[in-house]
>>> print(open('model-v3.cif').read())   # mmCIF, C-alpha atoms
data_upload
loop_
_atom_site.label_atom_id
_atom_site.label_comp_id
_atom_site.auth_asym_id
_atom_site.auth_seq_id
_atom_site.Cartn_x
_atom_site.Cartn_y
_atom_site.Cartn_z
CA MET R 3 83.36 185.72 210.26
CA LYS R 4 82.12 184.04 207.08
CA ASN R 5 80.29 180.82 206.39
CA LYS R 6 81.33 178.29 203.72
CA ASN R 7 79.57 180.21 200.97
CA GLY R 8 81.45 183.40 201.73
CA LYS R 9 78.33 185.23 202.94
CA VAL R 10 78.64 188.03 205.45
CA ALA R 11 78.36 186.72 209.00
CA PHE R 12 75.45 188.04 210.97
CA ALA R 13 77.48 188.67 214.08
CA LEU R 14 77.21 192.40 213.39
CA LYS R 15 74.72 194.18 215.65
CA THR R 16 71.17 194.49 214.35
CA ASN R 17 71.43 198.15 213.36
CA SER R 18 74.76 199.62 212.25
CA ASN R 19 75.96 203.14 211.52
CA ILE R 20 78.68 204.46 209.28
CA GLY R 21 79.25 208.17 208.73
CA TYR R 22 81.49 210.51 206.81
CA ASP R 23 82.07 214.06 205.55
CA ILE R 24 82.75 215.16 201.97
CA SER R 25 84.34 218.59 201.47
CA LEU R 26 83.00 220.17 198.27
CA ASP R 27 84.68 222.99 196.38
CA GLY R 28 82.47 225.60 194.73
CA GLY R 29 81.56 225.68 191.05
CA PRO R 30 78.63 225.15 188.64
CA VAL R 31 78.56 221.63 190.13
CA LEU R 32 80.20 221.12 193.52
CA ARG R 33 83.48 219.24 193.28
CA PRO R 34 84.66 216.83 196.02
CA SER R 35 88.12 217.54 197.44
CA VAL R 36 88.31 215.50 200.67
CA PHE R 37 86.52 212.39 201.92
CA HIS R 38 86.66 211.82 205.70
CA LEU R 39 85.30 208.67 207.36
CA TRP R 40 84.22 209.13 210.97
CA ASN R 41 85.94 207.00 213.56
CA SER R 42 82.81 207.12 215.69
CA SER R 43 79.48 205.90 214.38
CA LYS R 44 77.69 209.09 215.40
CA THR R 45 80.14 212.00 215.42
CA SER R 46 83.23 213.09 213.58
CA GLU R 47 86.61 213.50 215.20
CA THR R 48 86.08 217.26 215.53
CA ASN R 49 83.34 216.74 218.15
CA SER R 50 80.73 218.17 215.81
CA PRO R 51 77.04 217.82 216.70
CA LYS R 52 75.36 214.50 216.11
CA ILE R 53 73.93 214.06 212.65
CA GLN R 54 70.57 212.36 212.41
CA ALA R 55 70.92 208.84 211.05
CA THR R 56 69.06 207.99 207.85
CA ALA R 57 68.44 204.78 205.95
CA PRO R 58 70.57 204.11 202.86
CA LEU R 59 69.42 205.70 199.63
CA LYS R 60 67.34 203.58 197.25
CA TYR R 61 70.34 202.44 195.19
CA ARG R 62 72.71 202.61 198.20
CA ALA R 63 75.20 205.03 196.68
CA ASP R 64 75.89 206.47 200.14
CA LEU R 65 76.56 203.07 201.73
CA LEU R 66 78.53 201.81 198.72
CA LEU R 67 80.76 204.88 198.88
CA ALA R 68 81.80 204.12 202.46
CA CYS R 69 82.21 200.38 201.84
CA SER R 70 84.28 200.89 198.67
CA TYR R 71 86.56 203.27 200.55
CA LEU R 72 87.18 200.60 203.20
CA ALA R 73 87.77 197.99 200.47
CA LEU R 74 90.30 200.29 198.84
CA ASN R 75 92.26 201.59 201.82
CA PRO R 76 94.81 199.29 203.51
CA HIS R 77 95.16 201.86 206.33
CA ALA R 78 91.53 201.32 207.35
CA GLU R 79 91.79 197.72 208.52
CA GLU R 80 91.43 198.81 212.17
CA TYR R 81 88.02 200.32 211.44
CA PRO R 82 85.29 198.51 213.48
CA ASN R 83 83.81 195.61 211.49
CA PHE R 84 86.16 196.35 208.59
CA GLU R 85 85.91 192.85 207.07
CA ILE R 86 82.14 192.84 207.25
CA TYR R 87 81.84 196.17 205.41
CA VAL R 88 84.26 195.01 202.71
CA ASP R 89 82.36 191.75 202.28
CA LEU R 90 79.12 193.72 202.15
CA TRP R 91 80.55 195.84 199.33
CA HIS R 92 81.46 192.68 197.39
CA GLN R 93 77.88 191.46 197.66
CA ILE R 94 75.86 194.59 196.88
CA GLU R 95 78.08 196.47 194.38
CA PRO R 96 76.38 195.95 190.97
CA HIS R 97 79.54 196.93 189.07
CA LEU R 98 81.26 193.83 190.46
CA ALA R 99 78.44 191.64 189.18
CA PHE R 100 78.75 193.21 185.70
CA PHE R 101 82.51 192.65 185.79
CA ASN R 102 82.23 188.98 186.77
CA GLU R 103 79.51 188.28 184.20
CA SER R 104 81.74 189.63 181.42
CA GLN R 105 84.89 187.71 182.29
CA LYS R 106 84.42 184.68 180.03
CA ARG R 107 83.80 186.85 176.97
CA VAL R 108 86.60 189.31 177.83
CA ARG R 109 89.12 186.47 178.19
CA SER R 110 87.93 185.03 174.88
CA VAL R 111 88.69 188.31 173.07
CA ALA R 112 91.94 188.86 174.98
CA LYS R 113 93.29 185.51 173.74
CA THR R 114 93.12 186.75 170.15
CA VAL R 115 95.22 189.92 170.65
CA THR R 116 98.93 190.44 171.28
CA ALA R 117 99.49 191.00 174.99
CA THR R 118 101.16 194.14 176.33
CA PRO R 119 104.62 193.21 177.69
CA THR R 120 104.51 192.11 181.32
CA SER R 121 107.28 194.56 182.25
CA VAL R 122 105.20 197.49 180.97
CA VAL R 123 102.14 196.36 182.94
CA GLU R 124 104.10 195.73 186.16
CA THR R 125 105.82 199.12 185.98
CA PHE R 126 102.48 200.82 185.50
CA GLU R 127 100.84 198.95 188.39
CA LYS R 128 103.65 200.00 190.72
CA ARG R 129 103.47 203.68 189.72
CA PHE R 130 99.68 203.73 189.88
CA MET R 131 99.58 202.20 193.37
CA GLU R 132 102.27 204.58 194.64
CA SER R 133 100.19 207.56 193.48
CA LEU R 134 97.01 206.07 194.92
CA ASN R 135 98.53 205.31 198.32
CA ARG R 136 99.82 208.88 198.66
CA SER R 137 96.24 210.11 198.60
CA LEU R 138 94.96 207.70 201.27
CA THR R 139 95.04 208.12 205.05
CA PRO R 140 93.56 205.95 207.84
CA GLU R 141 90.55 208.29 208.03
CA GLY R 142 90.10 209.59 204.53
CA PHE R 143 90.96 210.42 200.98
CA ASP R 144 92.74 213.52 199.64
CA LEU R 145 90.99 213.70 196.28
CA LYS R 146 93.19 216.52 194.97
CA GLU R 147 96.24 214.33 195.58
CA LEU R 148 94.46 211.42 193.88
CA VAL R 149 94.43 213.35 190.59
CA GLY R 150 98.17 212.57 190.44
CA VAL R 151 97.17 209.09 189.30
CA LEU R 152 96.49 210.65 185.89
CA ASP R 153 100.22 210.96 185.23
CA SER R 154 100.72 207.21 185.56
CA LEU R 155 97.81 206.58 183.16
CA HIS R 156 99.26 208.93 180.55
CA SER R 157 102.69 207.27 180.88
CA PHE R 158 101.09 203.84 180.52
CA GLU R 159 99.41 204.71 177.23
CA THR R 160 102.70 206.12 175.98
CA ALA R 161 104.56 202.94 176.95
CA MET R 162 101.91 200.74 175.29
CA LYS R 163 101.83 202.98 172.20
CA SER R 164 98.11 202.43 172.30
CA PRO R 165 95.11 204.06 174.03
CA LEU R 166 93.09 202.43 176.80
CA LEU R 167 89.92 202.69 174.70
CA TYR R 168 88.76 199.19 173.63
CA ASN R 169 92.14 197.74 174.59
CA PHE R 170 92.06 194.04 175.50
CA SER R 171 95.82 193.50 175.54
CA CYS R 172 96.60 194.14 179.22
CA HIS R 173 96.77 191.37 181.79
CA PHE R 174 96.79 192.94 185.24
CA SER R 175 97.47 191.17 188.53
CA SER R 176 94.41 190.08 190.52
CA ASP R 177 95.44 192.32 193.43
CA PHE R 178 95.61 195.34 191.14
CA ILE R 179 92.19 194.53 189.67
CA ARG R 180 90.71 194.45 193.18
CA HIS R 181 92.13 197.88 193.91
CA ILE R 182 90.89 199.54 190.72
CA GLN R 183 87.46 197.93 191.13
CA ALA R 184 87.19 199.56 194.54
CA LEU R 185 88.50 202.89 193.23
CA GLU R 186 86.10 202.93 190.28
CA SER R 187 83.23 202.11 192.65
CA PHE R 188 84.24 204.89 195.04
CA LEU R 189 84.58 207.54 192.34
CA PHE R 190 81.32 206.59 190.61
CA HIS R 191 79.27 206.69 193.81
CA LEU R 192 81.00 209.89 194.91
CA ARG R 193 79.76 211.63 191.77
CA ASN R 194 76.40 209.97 192.24
CA LEU R 195 76.05 211.58 195.67
CA VAL R 196 77.05 214.99 194.26
CA ALA R 197 74.27 214.60 191.65
CA ILE R 198 71.73 213.56 194.30
CA ASP R 199 72.63 216.54 196.48
CA PHE R 200 72.37 218.85 193.45
CA ASN R 201 68.95 217.45 192.57
CA ASN R 202 67.71 218.09 196.11
CA HIS R 203 68.12 221.84 195.58
CA ILE R 204 66.54 222.47 192.18
CA ASP R 205 63.08 223.76 191.28
CA ASP R 206 62.17 221.55 188.31
CA PRO R 207 63.66 218.02 188.34
CA SER R 208 62.10 217.19 184.98
CA HIS R 209 64.36 219.74 183.28
CA GLU R 210 67.24 220.42 185.67
CA ALA R 211 68.03 217.09 187.31
CA LEU R 212 71.47 215.56 186.83
CA LYS R 213 71.61 211.94 185.73
CA VAL R 214 74.28 209.33 186.35
CA ASP R 215 74.68 206.22 184.19
CA SER R 216 77.22 203.37 184.34
CA VAL R 217 77.48 203.12 180.54
CA THR R 218 76.46 206.29 178.72
CA ASP R 219 78.54 208.54 181.00
CA TYR R 220 81.64 206.92 179.46
CA LEU R 221 80.45 205.63 176.06
CA PRO R 222 77.63 208.04 175.20
CA LYS R 223 76.84 206.70 171.70
CA SER R 224 77.89 203.07 171.80
CA ASP R 225 75.04 201.97 169.50
CA TYR R 226 76.17 204.41 166.80
CA VAL R 227 79.78 203.35 167.34
CA GLY R 228 78.83 199.78 166.48
CA SER R 229 77.21 200.90 163.24
CA ASP R 230 80.17 203.12 162.30
CA ALA R 231 82.59 200.31 163.15
CA VAL R 232 80.85 197.99 160.70
CA LEU R 233 81.22 200.65 157.99
CA TYR R 234 84.91 201.15 158.79
CA TRP R 235 85.54 197.39 158.74
CA GLN R 236 83.79 196.91 155.39
CA ILE R 237 85.73 199.80 153.81
CA LYS R 238 89.02 198.40 155.11
CA LYS R 239 88.24 195.02 153.55
CA LEU R 240 87.25 196.56 150.21
CA ILE R 241 90.30 198.82 149.95
CA HIS R 242 92.90 196.41 151.30
CA PRO R 243 93.64 194.64 147.96
CA PHE R 244 94.45 198.01 146.38
CA VAL R 245 96.86 199.21 149.07
CA ALA R 246 98.72 195.95 149.80
CA GLY R 247 100.06 193.09 147.76
CA LYS R 248 100.41 192.71 143.99
CA ARG R 249 97.38 194.83 143.14
CA SER R 250 98.45 197.80 145.29
CA ASP R 251 98.33 201.22 143.66
CA ILE R 252 99.86 204.24 145.34
CA ARG R 253 97.35 206.51 143.62
CA ILE R 254 94.39 204.68 145.12
CA GLU R 255 96.04 204.80 148.52
CA LYS R 256 96.69 208.56 148.39
CA LEU R 257 93.55 209.68 146.57
CA LEU R 258 90.97 207.29 148.03
CA ALA R 259 92.04 205.08 150.92
CA GLN R 260 93.86 207.67 153.02
CA PRO R 261 91.23 210.45 152.70
CA ILE R 262 88.45 208.01 153.64
CA GLU R 263 90.36 206.72 156.66
CA ASN R 264 91.23 210.25 157.79
CA ALA R 265 87.57 211.27 157.58
CA LEU R 266 86.43 208.22 159.53
CA ARG R 267 89.06 208.80 162.22
CA LYS R 268 87.89 212.39 162.52
CA TYR R 269 84.15 211.76 162.65
CA ALA R 270 84.00 208.17 163.96
CA HIS R 271 87.01 208.12 166.29
CA ASN R 272 85.72 205.45 168.68
CA ALA R 273 84.57 203.17 165.87
CA CYS R 274 88.04 203.15 164.31
CA HIS R 275 89.68 202.38 167.66
CA LEU R 276 87.24 199.52 168.20
CA ILE R 277 88.15 197.85 164.90
CA ASP R 278 91.86 198.59 165.30
CA HIS R 279 91.93 196.77 168.65
CA LEU R 280 90.27 193.62 167.35
CA PRO R 281 92.24 191.14 165.22
CA HIS R 282 91.24 190.33 161.64
CA SER R 283 90.59 186.69 162.59
CA PHE R 284 88.10 187.68 165.30
CA LEU R 285 86.16 190.04 163.02
CA SER R 286 86.18 187.66 160.05
CA ALA R 287 84.71 184.86 162.15
CA ILE R 288 81.55 186.89 162.87
CA ASN R 289 78.57 186.54 160.56
CA SER R 290 77.91 189.81 158.72
CA ALA R 291 74.32 189.92 159.98
CA ASP R 292 75.52 189.68 163.59
CA LEU R 293 78.52 191.99 163.33
CA GLU R 294 76.89 195.22 164.53
CA ASP R 295 75.27 193.57 167.55
CA THR R 296 78.50 191.76 168.38
CA LEU R 297 80.52 194.95 168.25
CA TYR R 298 78.05 196.63 170.61
CA LEU R 299 78.43 193.76 173.08
CA VAL R 300 82.22 193.88 172.75
CA GLN R 301 82.08 197.53 173.81
CA MET R 302 79.96 196.67 176.84
CA ASP R 303 82.23 193.80 177.86
CA TRP R 304 85.30 196.01 177.54
CA LEU R 305 83.76 198.86 179.55
CA LEU R 306 82.19 196.76 182.30
CA GLY R 307 84.48 193.75 182.44
CA SER R 308 88.08 194.62 181.57
CA GLY R 309 90.94 196.17 183.52
CA THR R 310 91.48 198.83 180.86
CA GLY R 311 87.74 199.59 180.94
CA LEU R 312 88.00 200.20 184.70
CA LEU R 313 91.00 202.46 184.17
CA PHE R 314 89.19 204.36 181.41
CA LYS R 315 86.27 205.06 183.76
CA ILE R 316 88.63 206.04 186.59
CA ARG R 317 90.37 208.49 184.28
CA GLU R 318 87.10 210.12 183.26
CA GLU R 319 86.09 210.50 186.91
CA LEU R 320 89.50 211.99 187.76
CA TYR R 321 89.18 214.47 184.91
CA GLY R 322 85.89 215.49 186.52
CA LEU R 323 87.57 215.98 189.91
CA GLN R 324 90.39 217.92 188.28
CA SER R 325 88.46 220.21 185.93
CA GLY R 326 84.89 220.03 187.20
CA TYR R 327 82.17 217.44 186.66
CA GLU R 328 80.30 219.87 184.42
CA LYS R 329 83.16 219.86 181.91
CA VAL R 330 83.22 216.06 181.60
CA PHE R 331 79.74 214.72 182.39
CA TRP R 332 77.27 217.65 182.42
CA PRO R 333 78.44 220.25 179.85
CA GLU R 334 75.01 221.88 179.82
CA LEU R 335 75.87 223.33 183.26
CA GLU R 336 79.22 224.90 182.35
CA ASN R 337 77.76 228.44 182.24
CA ARG R 338 75.62 228.02 185.36
CA SER R 339 76.22 230.42 188.25
CA PRO R 340 78.73 228.85 190.65
CA LEU R 341 77.58 227.31 193.90
CA LYS R 342 79.38 228.06 197.15
CA ALA R 343 81.72 225.52 198.71
CA ALA R 344 79.95 223.17 201.11
CA ASN R 345 80.36 220.16 203.37
CA LEU R 346 78.18 217.10 202.83
CA ARG R 347 77.69 215.02 206.00
CA LEU R 348 76.03 211.61 206.10
CA ASN R 349 75.26 209.21 208.92
CA ILE R 350 73.84 205.99 207.49
CA GLU R 351 71.95 203.53 209.64
CA PHE R 352 71.18 200.13 208.20
CA ASN R 353 70.27 196.57 209.04
CA LEU R 354 72.67 194.10 207.51
CA ARG R 355 70.12 191.33 207.14
CA GLU R 356 67.69 193.65 205.36
CA ILE R 357 70.38 194.96 203.02
CA LEU R 358 71.24 191.42 201.96
CA GLY R 359 67.58 190.47 201.59
CA HIS R 360 67.43 188.16 204.59
CA LYS R 361 64.55 188.01 207.04
CA LYS R 362 65.16 189.21 210.56
CA SER R 363 65.52 186.50 213.11
CA ALA R 364 62.78 186.31 215.70
#
>>> encode(input="model-v3.cif", output="structure tokens")
Amino acid sequence: MKNKNGKVAFALKTNSNIGYDISLDGGPVLRPSVFHLWNSSKTSETNSPKIQATAPLKYRADLLLACSYLALNPHAEEYPNFEIYVDLWHQIEPHLAFFNESQKRVRSVAKTVTATPTSVVETFEKRFMESLNRSLTPEGFDLKELVGVLDSLHSFETAMKSPLLYNFSCHFSSDFIRHIQALESFLFHLRNLVAIDFNNHIDDPSHEALKVDSVTDYLPKSDYVGSDAVLYWQIKKLIHPFVAGKRSDIRIEKLLAQPIENALRKYAHNACHLIDHLPHSFLSAINSADLEDTLYLVQMDWLLGSGTGLLFKIREELYGLQSGYEKVFWPELENRSPLKAANLRLNIEFNLREILGHKKSA
């Protein structure tokens, strides 16, 4: 089905359809509970009326949602043109491009830190996949069951004795990375569709529209974090001679060093975690003038290109499914009057050649 360059074969019919339902629980922002992929290209299994086919959205969140589900679900391999949809997802998912572009820099940082024990990582992968597979069926996704994945993430942090945030110490198997890439893609585009549907029913988009962002939704003030991290690093270097070694003074540690560190951990939590997860040798090798910019880029590489970054994003999305998107991503809507439960139905018609930017054959 593929040529030597791994491109999607154009054996697929000229126009293709893929459709699905999303059950949405009521609330200030509707919350997905079940995803159901249609077996037929035009109707669902319940013999419901045909839904008019529409072209993919501008940024293809609707198409990417279906393709990422197929890439994630081993039960779905019998779905018509399964391999072509999965290959299509690999080619048009921008998050995969970000991940691949970051790999060289992520590996460079990872070499400088002490790796999490392989046994801890393998145990976590097994528990995570068991929880994930319980939520998957050949036709859909039980998103309430998926929230059970959170338990394995909490146990993993406990076993590591370290948070996921800015953690470069975990070396996951390639198969596990493929699964969490697909899951992160699915959850992100699922929320994206909820936001698009919300925005279709408001009076003033300039003030009421929901926004979705691949970076700021998870690291909302990464530029400030870089600046605070530089401050924390400089203070650590200045105080270190007085709290360790021959010049150490318990009074300085109790009256100066500890209060300053406690304040920074309270008001610049992310910045402290960033410095704590990077070795002294890595930080010392960076020119002072470039340190803030470098720390910003380290944050981006971790978020977009590491396994723990993927897991961090997955966890945030699962918190949204568990407690409500408005509590995690859109707090300004927490006191909004609740919307009634609904069912979102999409039937997407697309031309594979056009999606991939190829000209139609004559």
>>> closest_residue(input="model-v3.cif", among="R:Ala211, R:Ile350, R:Ala270, R:Leu341", to="Leu59 of chain R", atoms="all atoms listed in the file")
R:Ile350
>>> resolve_selection(input="model-v3.cif", expression="the PyMOL selection byres ((chain R and resi 34) around 9)", output="list in words")
Ile24, Ser25, Leu26, Asp27, Leu32, Arg33, Ser35, Val36, Phe37, Leu145, Lys146, Leu192, Arg193, Val196 and Leu323 of chain R
>>> closest_residue(input="model-v3.cif", among="R:Asn345, R:Asn353, R:Asn202, R:Ser187", to="Ala63 of chain R", atoms="only C-alpha atoms")
R:Ser187
>>> residues_around(input="model-v3.cif", residues="segment 81-88 of chain R", least_positions_apart="2", cutoff="7 Å", atoms="all atoms listed in the file", output="MDAnalysis selection string")
chainID R and resid 10 69 72:73 78:79 90:92
>>> closest_residue(input="model-v3.cif", among="R:Ala343, R:Leu354, R:Cys274, R:Val217", to="Tyr168 of chain R", atoms="only C-alpha atoms")
R:Cys274
>>> closest_residue(input="model-v3.cif", among="R:Thr139, R:Asn272, R:Asn17, R:Ser154", to="Val122 of chain R", atoms="all atoms listed in the file")
R:Ser154
>>> atom_distance(input="model-v3.cif", atom1="atom CA of Phe143 of chain R", atom2="atom CA of Leu66 of chain R")
15.3 Å
>>> residues_around(input="model-v3.cif", residues="Met162 of chain R", least_positions_apart="4", cutoff="10 Å", atoms="only C-alpha atoms", output="PyMOL selection string")
chain R and resi 118-119+122-123+157-158+166+171-172
>>> write_last_selection(input="model-v3.cif", atoms="C-alpha atoms", output="short mmCIF file (atom, residue, chain, number, x, y, z; two decimals), in the frame of the given file")
data_model
loop_
_atom_site.label_atom_id
_atom_site.label_comp_id
_atom_site.auth_asym_id
_atom_site.auth_seq_id
_atom_site.Cartn_x
_atom_site.Cartn_y
_atom_site.Cartn_z
CA THR R 118 101.16 194.14 176.33
CA PRO R 119 104.62 193.21 177.69
CA VAL R 122 105.20 197.49 180.97
CA VAL R 123 102.14 196.36 182.94
CA SER R 157 102.69 207.27 180.88
CA PHE R 158 101.09 203.84 180.52
CA LEU R 166 93.09 202.43 176.80
CA SER R 171 95.82 193.50 175.54
CA CYS R 172 96.60 194.14 179.22
#
>>> residues_around(input="model-v3.cif", residues="segment 286-299 of chain R", least_positions_apart="3", cutoff="12 Å", atoms="only C-alpha atoms", output="ChimeraX atom specification")
/R:104,107-108,111,114,168,217,221,223-236,239,272-277,279-283,302-307
>>> atom_distance(input="model-v3.cif", atom1="atom CA of Arg347 of chain R", atom2="atom CA of Asp23 of chain R")
4.5 Å
>>> atom_distance(input="model-v3.cif", atom1="atom CA of Pro58 of chain R", atom2="atom CA of Ile357 of chain R")
9.2 Å
>>> residues_near_point(input="model-v3.cif", point="(70.3, 219.0, 193.1)", cutoff="12 Å", atoms="all atoms listed in the file", output="ChimeraX atom specification")
/R:30-32,194-213,341
>>> resolve_selection(input="model-v3.cif", expression="the PyMOL selection byres ((chain R and resi 18) around 6)", output="PDB file with C-alpha atoms, in the coordinates of the input")
ATOM      1  CA  ASN R  17      71.430 198.150 213.360  1.00  0.00           C
ATOM      2  CA  ASN R  19      75.960 203.140 211.520  1.00  0.00           C
ATOM      3  CA  GLU R 351      71.950 203.530 209.640  1.00  0.00           C
ATOM      4  CA  PHE R 352      71.180 200.130 208.200  1.00  0.00           C
TER       5      PHE R 352
END
>>> closest_residue(input="model-v3.cif", among="R:Lys113, R:Lys106, R:Lys238, R:His38", to="Phe284 of chain R", atoms="only C-alpha atoms")
R:Lys113
>>> closest_residue(input="model-v3.cif", among="R:Leu67, R:Ala161, R:Leu335, R:Leu134", to="Ser121 of chain R", atoms="all atoms listed in the file")
R:Ala161
>>> residues_around(input="model-v3.cif", residues="Met131 of chain R", least_positions_apart="3", cutoff="10 Å", atoms="all atoms listed in the file", output="list of chain:residue names")
R:Phe126, R:Glu127, R:Lys128, R:Leu134, R:Asn135, R:Arg136, R:Val151, R:Ser154, R:Phe178, R:His181, R:Ile182
>>> build_atoms(input="model-v3.cif", residues="segment 335-348 of chain R", atoms="N, CA and C atoms", output="PDB file, keeping the file's coordinate frame")
ATOM      1  N   LEU R 335      75.812 222.493 182.051  1.00  0.00           N
ATOM      2  CA  LEU R 335      75.870 223.330 183.260  1.00  0.00           C
ATOM      3  C   LEU R 335      77.121 224.197 183.333  1.00  0.00           C
ATOM      4  N   GLU R 336      77.953 224.169 182.300  1.00  0.00           N
ATOM      5  CA  GLU R 336      79.220 224.900 182.350  1.00  0.00           C
ATOM      6  C   GLU R 336      79.033 226.397 182.610  1.00  0.00           C
ATOM      7  N   ASN R 337      77.973 226.998 182.090  1.00  0.00           N
ATOM      8  CA  ASN R 337      77.760 228.440 182.240  1.00  0.00           C
ATOM      9  C   ASN R 337      76.809 228.766 183.398  1.00  0.00           C
ATOM     10  N   ARG R 338      76.504 227.794 184.216  1.00  0.00           N
ATOM     11  CA  ARG R 338      75.620 228.020 185.360  1.00  0.00           C
ATOM     12  C   ARG R 338      76.350 228.828 186.436  1.00  0.00           C
ATOM     13  N   SER R 339      75.622 229.643 187.158  1.00  0.00           N
ATOM     14  CA  SER R 339      76.220 230.420 188.250  1.00  0.00           C
ATOM     15  C   SER R 339      76.837 229.475 189.270  1.00  0.00           C
ATOM     16  N   PRO R 340      78.051 229.775 189.739  1.00  0.00           N
ATOM     17  CA  PRO R 340      78.730 228.850 190.650  1.00  0.00           C
ATOM     18  C   PRO R 340      78.049 228.750 192.010  1.00  0.00           C
ATOM     19  N   LEU R 341      78.067 227.558 192.549  1.00  0.00           N
ATOM     20  CA  LEU R 341      77.580 227.310 193.900  1.00  0.00           C
ATOM     21  C   LEU R 341      78.716 227.519 194.887  1.00  0.00           C
ATOM     22  N   LYS R 342      78.370 227.866 196.124  1.00  0.00           N
ATOM     23  CA  LYS R 342      79.380 228.060 197.150  1.00  0.00           C
ATOM     24  C   LYS R 342      79.891 226.719 197.662  1.00  0.00           C
ATOM     25  N   ALA R 343      81.139 226.725 198.120  1.00  0.00           N
ATOM     26  CA  ALA R 343      81.720 225.520 198.710  1.00  0.00           C
ATOM     27  C   ALA R 343      80.845 225.038 199.864  1.00  0.00           C
ATOM     28  N   ALA R 344      80.828 223.731 200.081  1.00  0.00           N
ATOM     29  CA  ALA R 344      79.950 223.170 201.110  1.00  0.00           C
ATOM     30  C   ALA R 344      80.582 221.918 201.703  1.00  0.00           C
ATOM     31  N   ASN R 345      79.917 221.389 202.711  1.00  0.00           N
ATOM     32  CA  ASN R 345      80.360 220.160 203.370  1.00  0.00           C
ATOM     33  C   ASN R 345      79.166 219.224 203.458  1.00  0.00           C
ATOM     34  N   LEU R 346      79.266 218.086 202.824  1.00  0.00           N
ATOM     35  CA  LEU R 346      78.180 217.100 202.830  1.00  0.00           C
ATOM     36  C   LEU R 346      78.458 216.086 203.925  1.00  0.00           C
ATOM     37  N   ARG R 347      77.492 215.904 204.854  1.00  0.00           N
ATOM     38  CA  ARG R 347      77.690 215.020 206.000  1.00  0.00           C
ATOM     39  C   ARG R 347      76.595 213.958 205.998  1.00  0.00           C
ATOM     40  N   LEU R 348      76.991 212.707 206.112  1.00  0.00           N
ATOM     41  CA  LEU R 348      76.030 211.610 206.100  1.00  0.00           C
ATOM     42  C   LEU R 348      76.287 210.654 207.258  1.00  0.00           C
TER      43      LEU R 348
END
